[in-house]
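S.K.: Coordinates in input.txt, compact mmCIF, C-alpha atoms, are listed below.
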# COMPACT_ATOMS: atom_id res chain seq x y z
CA MET A 245 107.10 111.90 108.94
CA VAL A 246 107.32 108.78 106.80
CA LEU A 247 109.11 105.91 108.51
CA THR A 248 112.13 104.51 106.71
CA SER A 249 112.95 100.80 106.58
CA ASP A 250 115.71 101.32 109.16
CA GLU A 251 113.33 103.15 111.50
CA LEU A 252 110.76 100.37 111.18
CA ILE A 253 113.42 97.79 112.03
CA GLN A 254 114.42 99.79 115.11
CA ILE A 255 110.78 99.95 116.18
CA ARG A 256 110.48 96.19 115.81
CA ARG A 257 113.67 95.63 117.80
CA HIS A 258 112.41 97.82 120.62
CA PHE A 259 109.21 95.79 120.76
CA HIS A 260 111.35 92.67 120.78
CA GLN A 261 113.24 93.84 123.85
CA ILE A 262 110.09 94.51 125.92
CA PRO A 263 107.89 91.41 125.44
CA GLU A 264 104.96 91.15 127.84
CA LEU A 265 102.47 88.41 128.59
CA ALA A 266 98.73 88.59 127.98
CA LEU A 267 96.98 91.54 129.66
CA GLN A 268 100.35 92.83 130.97
CA GLU A 269 101.36 94.81 127.86
CA THR A 270 101.80 98.17 129.61
CA GLN A 271 105.23 99.05 128.16
CA THR A 272 104.12 97.89 124.73
CA HIS A 273 100.97 100.03 124.91
CA ALA A 274 102.99 103.08 125.96
CA TYR A 275 105.54 102.57 123.18
CA ILE A 276 102.85 102.25 120.51
CA LYS A 277 101.38 105.57 121.62
CA GLU A 278 104.84 107.15 121.67
CA VAL A 279 105.54 106.06 118.08
CA ILE A 280 102.14 107.22 116.79
CA SER A 281 102.50 110.59 118.56
CA LYS A 282 105.31 111.41 116.12
CA PHE A 283 103.02 110.91 113.10
CA SER A 284 100.90 113.62 111.57
CA GLN A 285 97.81 113.90 113.78
CA ASN A 286 95.55 115.59 111.21
CA PHE A 287 93.24 112.61 110.69
CA ILE A 288 93.97 110.54 113.83
CA GLU A 289 91.99 109.94 116.99
CA TYR A 290 92.35 107.38 119.76
CA LYS A 291 90.11 105.18 121.86
CA GLU A 292 91.22 103.61 125.13
CA ILE A 293 89.32 100.73 126.77
CA PRO A 294 89.22 101.10 130.57
CA GLU A 295 88.16 97.45 131.04
CA LEU A 296 91.02 96.33 128.75
CA PRO A 297 93.64 98.97 129.55
CA THR A 298 96.52 97.69 127.42
CA ALA A 299 94.40 97.73 124.25
CA LEU A 300 94.39 100.69 121.90
CA LEU A 301 92.20 101.68 118.94
CA VAL A 302 93.43 104.28 116.48
CA ARG A 303 91.04 105.74 113.91
CA ILE A 304 92.06 107.55 110.73
CA ALA A 305 89.21 109.55 109.23
CA GLY A 306 88.61 108.96 105.52
CA SER A 307 88.23 111.76 102.99
CA ASN A 308 85.06 110.30 101.45
CA PRO A 309 84.24 107.17 103.44
CA GLN A 310 82.03 104.43 102.10
CA ARG A 311 83.00 101.99 104.86
CA THR A 312 85.27 101.52 107.87
CA ILE A 313 88.08 99.02 107.42
CA GLY A 314 89.67 97.44 110.49
CA TYR A 315 93.18 96.12 110.92
CA ARG A 316 94.18 93.99 113.93
CA ALA A 317 97.71 93.71 115.37
CA ASP A 318 98.26 91.51 118.43
CA MET A 319 100.64 92.69 121.15
CA ASP A 320 101.43 89.94 123.67
CA ALA A 321 104.39 87.59 123.92
CA LEU A 322 105.00 84.06 125.21
CA PRO A 323 106.60 82.55 128.34
CA VAL A 324 109.67 81.41 126.36
CA THR A 325 113.34 82.06 127.19
CA GLU A 326 115.05 83.43 124.09
CA ASN A 327 118.04 81.58 122.64
CA ASN A 328 119.20 83.84 119.81
CA GLY A 329 122.10 85.79 121.33
CA LEU A 330 121.00 89.03 119.69
CA GLU A 331 122.06 92.52 120.73
CA TYR A 332 118.36 93.31 120.98
CA SER A 333 117.24 90.12 122.72
CA SER A 334 114.40 90.18 125.23
CA THR A 335 115.21 92.09 128.41
CA HIS A 336 112.34 90.40 130.26
CA ASP A 337 113.46 87.09 131.73
CA GLY A 338 111.50 84.11 130.51
CA VAL A 339 109.37 86.12 128.07
CA MET A 340 109.90 86.40 124.31
CA HIS A 341 108.14 87.51 121.15
CA ALA A 342 108.39 83.92 119.95
CA CYS A 343 105.26 84.25 117.80
CA GLY A 344 106.34 87.39 115.98
CA HIS A 345 103.83 89.84 117.38
CA ASP A 346 106.63 92.41 117.32
CA ILE A 347 106.56 92.03 113.52
CA HIS A 348 102.75 92.27 113.50
CA MET A 349 102.73 95.54 115.46
CA THR A 350 105.51 97.07 113.35
CA VAL A 351 103.71 96.30 110.09
CA ALA A 352 100.53 97.84 111.52
CA LEU A 353 102.42 100.97 112.54
CA GLY A 354 103.95 101.19 109.07
CA ILE A 355 100.50 101.02 107.46
CA LEU A 356 99.12 103.54 109.96
CA ASN A 357 102.08 105.84 109.33
CA TYR A 358 101.48 105.76 105.57
CA TYR A 359 97.83 106.77 105.94
CA SER A 360 98.64 109.47 108.49
CA GLU A 361 100.51 111.15 105.62
CA HIS A 362 98.15 110.07 102.80
CA GLN A 363 94.57 110.44 103.99
CA PRO A 364 92.62 107.30 103.05
CA LYS A 365 89.32 107.47 101.23
CA ASP A 366 87.63 105.15 103.74
CA ASN A 367 87.86 105.29 107.52
CA LEU A 368 90.50 103.00 109.00
CA VAL A 369 90.51 101.54 112.52
CA PHE A 370 93.70 99.97 113.85
CA PHE A 371 93.12 97.61 116.78
CA PHE A 372 96.26 96.97 118.83
CA GLN A 373 95.03 93.91 120.68
CA PRO A 374 96.36 92.44 123.92
CA ALA A 375 96.06 88.82 124.95
CA GLU A 376 96.02 86.83 121.73
CA GLU A 377 98.09 83.94 123.08
CA SER A 378 95.73 83.51 126.04
CA GLU A 379 92.78 85.25 127.66
CA SER A 380 91.04 85.91 124.29
CA GLY A 381 91.69 89.63 123.98
CA GLY A 382 89.77 89.87 120.71
CA ARG A 383 86.66 88.37 122.23
CA GLN A 384 86.97 90.56 125.31
CA ALA A 385 87.12 93.69 123.17
CA TYR A 386 84.19 92.64 121.00
CA ASP A 387 82.05 91.67 123.99
CA LEU A 388 82.79 95.04 125.58
CA GLY A 389 81.18 96.67 122.53
CA VAL A 390 84.26 98.64 121.49
CA PHE A 391 83.54 98.19 117.77
CA SER A 392 80.56 100.52 117.78
CA GLY A 393 79.78 104.11 116.86
CA LYS A 394 82.70 105.72 115.06
CA TYR A 395 84.70 102.55 115.68
CA LYS A 396 82.22 100.18 114.07
CA VAL A 397 84.20 98.04 111.63
CA ASP A 398 82.61 96.85 108.37
CA GLU A 399 85.43 94.50 107.40
CA PHE A 400 88.49 93.31 109.33
CA TYR A 401 91.99 92.25 108.23
CA GLY A 402 95.03 90.92 110.01
CA LEU A 403 98.21 88.99 109.32
CA HIS A 404 100.26 86.31 111.00
CA ASP A 405 103.93 85.77 110.24
CA ASN A 406 104.97 82.37 108.91
CA SER A 407 108.39 80.91 109.65
CA ASP A 408 108.25 78.49 106.71
CA LEU A 409 107.35 80.95 103.94
CA PRO A 410 110.06 82.88 102.08
CA THR A 411 110.57 86.42 103.33
CA GLY A 412 107.84 88.81 102.20
CA VAL A 413 105.56 86.21 100.62
CA ILE A 414 101.85 86.79 101.22
CA GLY A 415 99.94 83.55 101.78
CA CYS A 416 96.18 83.17 101.96
CA ARG A 417 93.24 80.95 101.13
CA ASN A 418 89.48 81.16 100.96
CA GLY A 419 87.61 79.37 103.72
CA THR A 420 89.40 78.26 106.88
CA LEU A 421 92.99 79.44 107.32
CA PHE A 422 93.49 78.37 110.95
CA ALA A 423 91.69 75.83 113.08
CA GLY A 424 89.57 76.63 116.08
CA THR A 425 90.74 75.32 119.44
CA THR A 426 88.94 74.23 122.58
CA GLU A 427 90.54 73.28 125.88
CA VAL A 428 89.10 70.15 127.46
CA ASN A 429 89.53 68.95 131.05
CA VAL A 430 88.32 65.53 132.16
CA ILE A 431 87.97 64.63 135.82
CA ILE A 432 87.37 60.96 136.60
CA HIS A 433 85.92 59.99 139.98
CA GLY A 434 86.43 56.32 140.89
CA LYS A 435 87.33 54.81 144.26
CA SER A 436 90.80 54.43 145.74
CA GLY A 437 92.00 51.24 147.37
CA HIS A 438 94.85 48.82 148.07
CA ALA A 439 96.72 47.50 145.05
CA ALA A 440 96.19 43.95 146.31
CA TYR A 441 92.40 44.32 146.45
CA PRO A 442 91.32 45.84 143.11
CA HIS A 443 87.81 44.38 143.45
CA GLU A 444 87.17 46.72 146.36
CA ALA A 445 88.25 49.82 144.42
CA ASN A 446 87.35 51.53 141.15
CA ASP A 447 90.59 52.29 139.34
CA ALA A 448 90.57 55.80 137.86
CA VAL A 449 93.77 55.04 135.91
CA VAL A 450 92.09 52.16 134.07
CA ILE A 451 89.07 54.35 133.33
CA ALA A 452 91.37 57.13 132.09
CA ALA A 453 93.18 54.70 129.80
CA ASN A 454 89.89 53.51 128.32
CA PHE A 455 88.68 57.09 127.93
CA ILE A 456 91.80 58.24 126.05
CA THR A 457 91.76 55.20 123.77
CA GLN A 458 88.07 55.49 122.92
CA VAL A 459 88.18 59.24 122.33
CA GLN A 460 90.93 58.79 119.75
CA THR A 461 88.52 56.71 117.67
CA ILE A 462 86.33 59.80 117.23
CA ILE A 463 88.84 61.13 114.70
CA SER A 464 89.53 57.76 113.03
CA ARG A 465 85.99 56.41 112.94
CA ASN A 466 83.45 59.24 113.31
CA ILE A 467 84.87 61.94 111.04
CA ASP A 468 84.97 62.01 107.25
CA PRO A 469 88.61 61.20 106.32
CA THR A 470 88.61 64.13 103.89
CA LYS A 471 87.92 66.54 106.75
CA CYS A 472 90.13 67.52 109.64
CA GLY A 473 89.98 67.30 113.39
CA VAL A 474 92.54 66.75 116.14
CA ILE A 475 92.21 65.61 119.75
CA THR A 476 95.35 65.69 121.86
CA PHE A 477 95.58 64.88 125.56
CA GLY A 478 98.88 66.31 126.74
CA LYS A 479 98.53 65.90 130.48
CA LEU A 480 97.38 63.06 132.75
CA GLU A 481 97.54 63.17 136.54
CA ALA A 482 96.55 60.27 138.80
CA GLY A 483 97.70 58.50 141.90
CA THR A 484 100.22 59.09 144.69
CA ILE A 485 102.18 55.84 145.06
CA ARG A 486 102.62 52.58 143.14
CA ASN A 487 100.71 50.32 145.54
CA VAL A 488 97.59 52.45 145.94
CA ILE A 489 94.81 52.33 143.34
CA SER A 490 93.96 55.88 142.37
CA GLY A 491 90.40 57.02 142.98
CA THR A 492 90.69 60.13 140.79
CA ALA A 493 92.36 61.10 137.54
CA ARG A 494 92.57 64.36 135.62
CA ILE A 495 93.19 64.58 131.89
CA GLU A 496 93.88 67.86 130.07
CA GLY A 497 93.84 68.27 126.32
CA THR A 498 92.90 70.29 123.28
CA ILE A 499 90.41 69.88 120.45
CA ARG A 500 91.05 71.46 117.06
CA GLY A 501 88.84 71.64 114.00
CA LEU A 502 88.65 73.60 110.78
CA THR A 503 85.03 74.61 111.33
CA GLN A 504 83.02 75.43 114.42
CA ASP A 505 80.59 72.66 113.47
CA MET A 506 83.46 70.15 113.58
CA ILE A 507 84.51 71.34 117.04
CA GLU A 508 80.94 71.08 118.31
CA PHE A 509 80.61 67.55 116.90
CA ILE A 510 83.83 66.40 118.61
CA ARG A 511 82.72 67.96 121.89
CA GLU A 512 79.39 66.11 121.76
CA ARG A 513 81.05 62.76 120.99
CA ILE A 514 83.50 63.15 123.89
CA VAL A 515 80.57 63.65 126.26
CA GLU A 516 78.86 60.56 124.81
CA VAL A 517 82.02 58.47 125.29
CA ALA A 518 82.23 59.68 128.90
CA LYS A 519 78.60 58.72 129.55
CA GLY A 520 79.23 55.23 128.19
CA LEU A 521 82.28 54.76 130.44
CA GLU A 522 80.34 56.02 133.45
CA MET A 523 77.90 53.17 132.93
CA SER A 524 80.59 50.60 132.13
CA PHE A 525 82.73 51.37 135.18
CA ASN A 526 80.08 52.71 137.56
CA ALA A 527 82.08 55.93 137.86
CA LYS A 528 81.50 59.65 137.47
CA ILE A 529 83.24 61.66 134.74
CA ASP A 530 83.10 65.45 134.55
CA ILE A 531 83.91 67.24 131.29
CA GLU A 532 84.91 70.89 131.23
CA TYR A 533 85.28 72.88 127.99
CA ASN A 534 86.80 76.29 127.41
CA GLN A 535 86.96 77.68 123.89
CA GLY A 536 87.20 81.33 124.84
CA GLY A 537 87.52 83.27 121.60
CA TYR A 538 89.55 80.74 119.65
CA PHE A 539 87.11 80.04 116.84
CA PRO A 540 88.31 78.82 113.45
CA VAL A 541 89.74 81.62 111.31
CA GLU A 542 87.21 81.43 108.48
CA ASN A 543 87.95 83.98 105.78
CA ASN A 544 84.99 85.73 104.18
CA PRO A 545 84.59 84.41 100.60
CA GLU A 546 83.88 87.73 98.85
CA LEU A 547 86.49 89.82 100.67
CA THR A 548 89.12 87.10 100.48
CA THR A 549 88.59 86.49 96.77
CA ARG A 550 89.13 90.20 96.18
CA PHE A 551 92.25 90.16 98.38
CA ILE A 552 93.75 87.12 96.65
CA ASN A 553 92.98 88.44 93.16
CA TYR A 554 94.69 91.71 93.99
CA MET A 555 97.78 90.00 95.39
CA LYS A 556 98.08 87.77 92.32
CA GLN A 557 97.81 90.74 89.96
CA SER A 558 100.08 93.10 91.90
CA ASN A 559 103.83 93.15 92.46
CA ALA A 560 103.38 91.24 95.72
CA LYS A 561 104.87 87.77 96.13
CA TYR A 562 101.83 85.56 96.64
CA GLN A 563 101.29 81.88 97.46
CA ASP A 564 98.10 79.85 97.94
CA MET A 565 98.06 78.09 101.32
CA ALA A 566 96.60 74.96 102.85
CA PRO A 567 94.72 75.30 106.15
CA ALA A 568 96.78 75.03 109.35
CA MET A 569 95.80 73.46 112.65
CA THR A 570 97.23 76.36 114.65
CA GLY A 571 94.81 78.53 116.60
CA GLU A 572 94.27 82.31 116.51
CA ASP A 573 91.77 84.43 118.41
CA PHE A 574 91.21 86.60 115.33
CA GLY A 575 88.79 83.79 114.48
CA TYR A 576 86.31 85.19 116.99
CA LEU A 577 86.33 88.62 115.35
CA LEU A 578 85.91 87.03 111.90
CA ASN A 579 82.97 85.08 113.31
CA LYS A 580 81.31 88.42 114.08
CA ILE A 581 82.71 90.73 111.37
CA PRO A 582 83.55 89.68 107.78
CA GLY A 583 87.20 89.81 106.94
CA THR A 584 90.43 88.11 105.93
CA MET A 585 93.55 86.87 107.69
CA PHE A 586 96.71 86.17 105.72
CA TRP A 587 100.25 84.91 106.24
CA LEU A 588 103.42 87.00 105.89
CA GLY A 589 106.54 84.95 105.21
CA VAL A 590 109.51 85.63 107.50
CA ASP A 591 111.71 82.58 106.68
CA SER A 592 112.86 81.92 110.24
CA PRO A 593 115.32 79.10 111.01
CA GLY A 594 113.36 78.43 114.20
CA SER A 595 109.64 77.71 114.22
CA LEU A 596 106.90 79.84 115.73
CA HIS A 597 106.76 79.54 119.54
CA SER A 598 110.38 78.31 119.70
CA ALA A 599 113.28 79.87 121.64
CA ASP A 600 115.21 80.38 118.39
CA PHE A 601 112.43 81.96 116.33
CA LEU A 602 114.20 84.66 114.29
CA PRO A 603 112.15 86.35 111.54
CA HIS A 604 113.78 88.18 108.65
CA GLU A 605 113.08 91.87 109.17
CA ALA A 606 112.93 92.60 105.42
CA ALA A 607 109.41 91.13 105.60
CA ILE A 608 108.20 94.24 107.44
CA LYS A 609 108.56 96.51 104.41
CA ASP A 610 107.10 93.82 102.11
CA GLY A 611 104.05 93.42 104.35
CA ILE A 612 103.43 97.16 104.55
CA GLU A 613 103.72 97.68 100.81
CA ALA A 614 101.51 94.69 99.95
CA PHE A 615 98.72 95.69 102.31
CA THR A 616 98.74 99.43 101.65
CA GLY A 617 98.58 98.56 97.96
CA PHE A 618 95.57 96.35 98.61
CA LEU A 619 93.86 99.01 100.74
CA ASN A 620 94.32 101.66 98.06
CA TYR A 621 92.83 99.25 95.53
CA ARG A 622 89.96 98.33 97.88
CA MET A 623 89.11 101.91 98.73
CA ASN A 624 89.11 103.07 95.12
CA SER A 625 87.20 100.09 93.80
CA GLU A 626 83.65 100.64 92.60
CA GLU A 627 82.65 97.39 94.30
CA ASN A 628 80.85 97.58 97.65
Give the structure from this file in structure tokens form.
M.R.:
Amino acid sequence: MVLTSDELIQIRRHFHQIPELALQETQTHAYIKEVISKFSQNFIEYKEIPELPTALLVRIAGSNPQRTIGYRADMDALPVTENNGLEYSSTHDGVMHACGHDIHMTVALGILNYYSEHQPKDNLVFFFQPAEESESGGRQAYDLGVFSGKYKVDEFYGLHDNSDLPTGVIGCRNGTLFAGTTEVNVIIHGKSGHAAYPHEANDAVVIAANFITQVQTIISRNIDPTKCGVITFGKLEAGTIRNVISGTARIEGTIRGLTQDMIEFIRERIVEVAKGLEMSFNAKIDIEYNQGGYFPVENNPELTTRFINYMKQSNAKYQDMAPAMTGEDFGYLLNKIPGTMFWLGVDSPGSLHSADFLPHEAAIKDGIEAFTGFLNYRMNSEEN
């Protein structure tokens, strides 16, 4: 069977009604398998991951393979309450496909469906990945060694929908497409005391204020203005009542950079600032970092040049893009396996991660046609 545009839209709408959070994608996993079971099975085999049970790998054997090409589609949703009033709105309270992973999975199924009917020259591996929004599902899969043996991937591709691009437009760039992100927690240990006797205490709020102010100068005074980095502290907790000096404070934030080297530099400078404030205030400051798998999405130069050249020369609607400071755990896979991530325009009135995110479904067919066209070109090219 070859899926029609209407059938693809119905598949996407079913995904949209059953959004699930990271590592909880049991209904989504079952539905993916149900859809694929209706395809021709002549060239298809499956791989489950017991340690990551909602993940699924699907391999299509090539007729004369020179390589194995991977395609990633993320599966999880966000803890967002939908505000679109659709007939096919989320049926799971407080959970929504507000990042468009329902579109991502549907495009992947459309590509997979095409090659189930038209055997590819090269082997294809489709990775339906849980836990992109949190828990680093891509890193978990890689670290479990799933991309080995028959499922070893030589080059990896994946898309992300873009609410600001016109419907069906393919956007890409060489180098970094998305920033890497690192969570940072700061715990300040001072000494509590009476508000009337500050000399007998060590005010963690004052230390926290100095820390936040000094760390912001890392971006303005330590980084080349032509390069990019972001430090945001979105949460500060300290104290219990107005007339008690707080002895502890906790700050939570995020670091973003367009290269892993930039992220590492910012991390080192934050630690140095903390050490200086420890001496200045005679306090103790603990720094905790968690990057997980959210490395910068750095597109491989050779593969991405080929991808962009094809898109510009084909019937696809293509647009060169600037880097974005959003994060994506596909960056970890691209850190280990060469590949390319690209945007697919969906022209939504609401932004990604918002309660009124509403992608145009016509983008599904455009994405499938653009990428199957590229794969056919890639597999029949004489280039390695």
S.K.: With segment 264-286 of chain A as the partner and 8 Å as the cut-off, tabulate the residues of segment 339-373 of chain A that qualify, each row holding the nearest pair of atoms and their distance in Å to one decimal, using only C-alpha atoms, sorted by chain and rising number, as a tab-separated table.
M.R.:
residue	atom	partner	partner_atom	distance
A:Val339	CA	A:Glu264	CA	6.7
A:Met340	CA	A:Glu264	CA	7.7
A:Leu353	CA	A:Ile280	CA	7.6
A:Asn357	CA	A:Phe283	CA	6.4
A:Ser360	CA	A:Ser284	CA	5.6
A:Glu361	CA	A:Ser284	CA	6.5
S.K.: Which one of A:Asp387, A:Asp318, A:Asp366, A:Asp250 sits closest to Ile293 of chain A if you count only C-alpha atoms?
M.R.: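 The shortest atom-to-atom distance to Ile293 of chain A comes from A:Asp387.
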S.K.: Find the distance between atom CA of Lys365 of chain A and atom CA of Asn624 of chain A and write it in Å to one decimal.
M.R.: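 Taking atom CA of Lys365 of chain A as the start and atom CA of Asn624 of chain A as the end point, the length is 7.5 Å.
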S.K.: I need the residue nearest Val246 of chain A from this list: A:Gly354, A:Gly617, A:Gly314, A:Gly344. Use all atoms listed in the file for the distance.
M.R.: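 Counting all atoms listed in the file, the residue closest to Val246 of chain A is A:Gly354.
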S.K.: Between atom CA of Tyr290 of chain A and atom CA of His341 of chain A, what is the distance, to one decimal in Å?
M.R.: 25.4 Å
S.K.: Give the answer as one residue: which of A:Gln363, A:Ser334, A:Thr492, A:Asn543 has the shortest atom-to-atom distance to Asn620 of chain A, using all atoms listed in the file?
M.R.: A:Gln363
S.K.: Using only C-alpha atoms, find the one residue out of A:Thr325, A:Gln310, A:Thr350, A:Asn466 that sits nearest to Leu247 of chain A.
M.R.: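 Result for the nearest residue to Leu247 of chain A: A:Thr350.
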S.K.: At what distance in Å, to one decimal, does atom CA of Leu300 of chain A lie from atom CA of Leu577 of chain A?
M.R.: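 Taking atom CA of Leu577 of chain A and atom CA of Leu300 of chain A, their separation equals 15.9 Å.
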S.K.: Using only C-alpha atoms, can you tell me which of A:Met506, A:Leu619, A:Val459, A:Met565 comes closest to Asn367 of chain A?
M.R.: A:Leu619
S.K.: Please identify all polymer residues within 12 Å of Ile485 of chain A, counting only C-alpha atoms, omitting same-chain residues fewer than 6 positions from it, and present them as a list in words.
M.R.: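 Near Ile485 of chain A, the qualifying residues are Ser436, Gly437, His438 and Ala439 of chain A.
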S.K.: Neighbouring residues of Gly473 of chain A were defined as those with any atom within 7 Å, considering only C-alpha atoms; residues of the same chain fewer than 3 positions away were excluded. Please report them as a list in words.
M.R.: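 Near neighbours after the sequence-gap exclusion: Ile463, Arg500, Gly501 and Leu502 of chain A.
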S.K.: From the set A:Arg316, A:Ala352, A:His336, A:Gln384, which residue has the shortest atom-to-atom contact distance to Ile612 of chain A, counting only C-alpha atoms?
M.R.: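 Looking only at the distances to Ile612 of chain A, the closest residue turns out to be A:Ala352.
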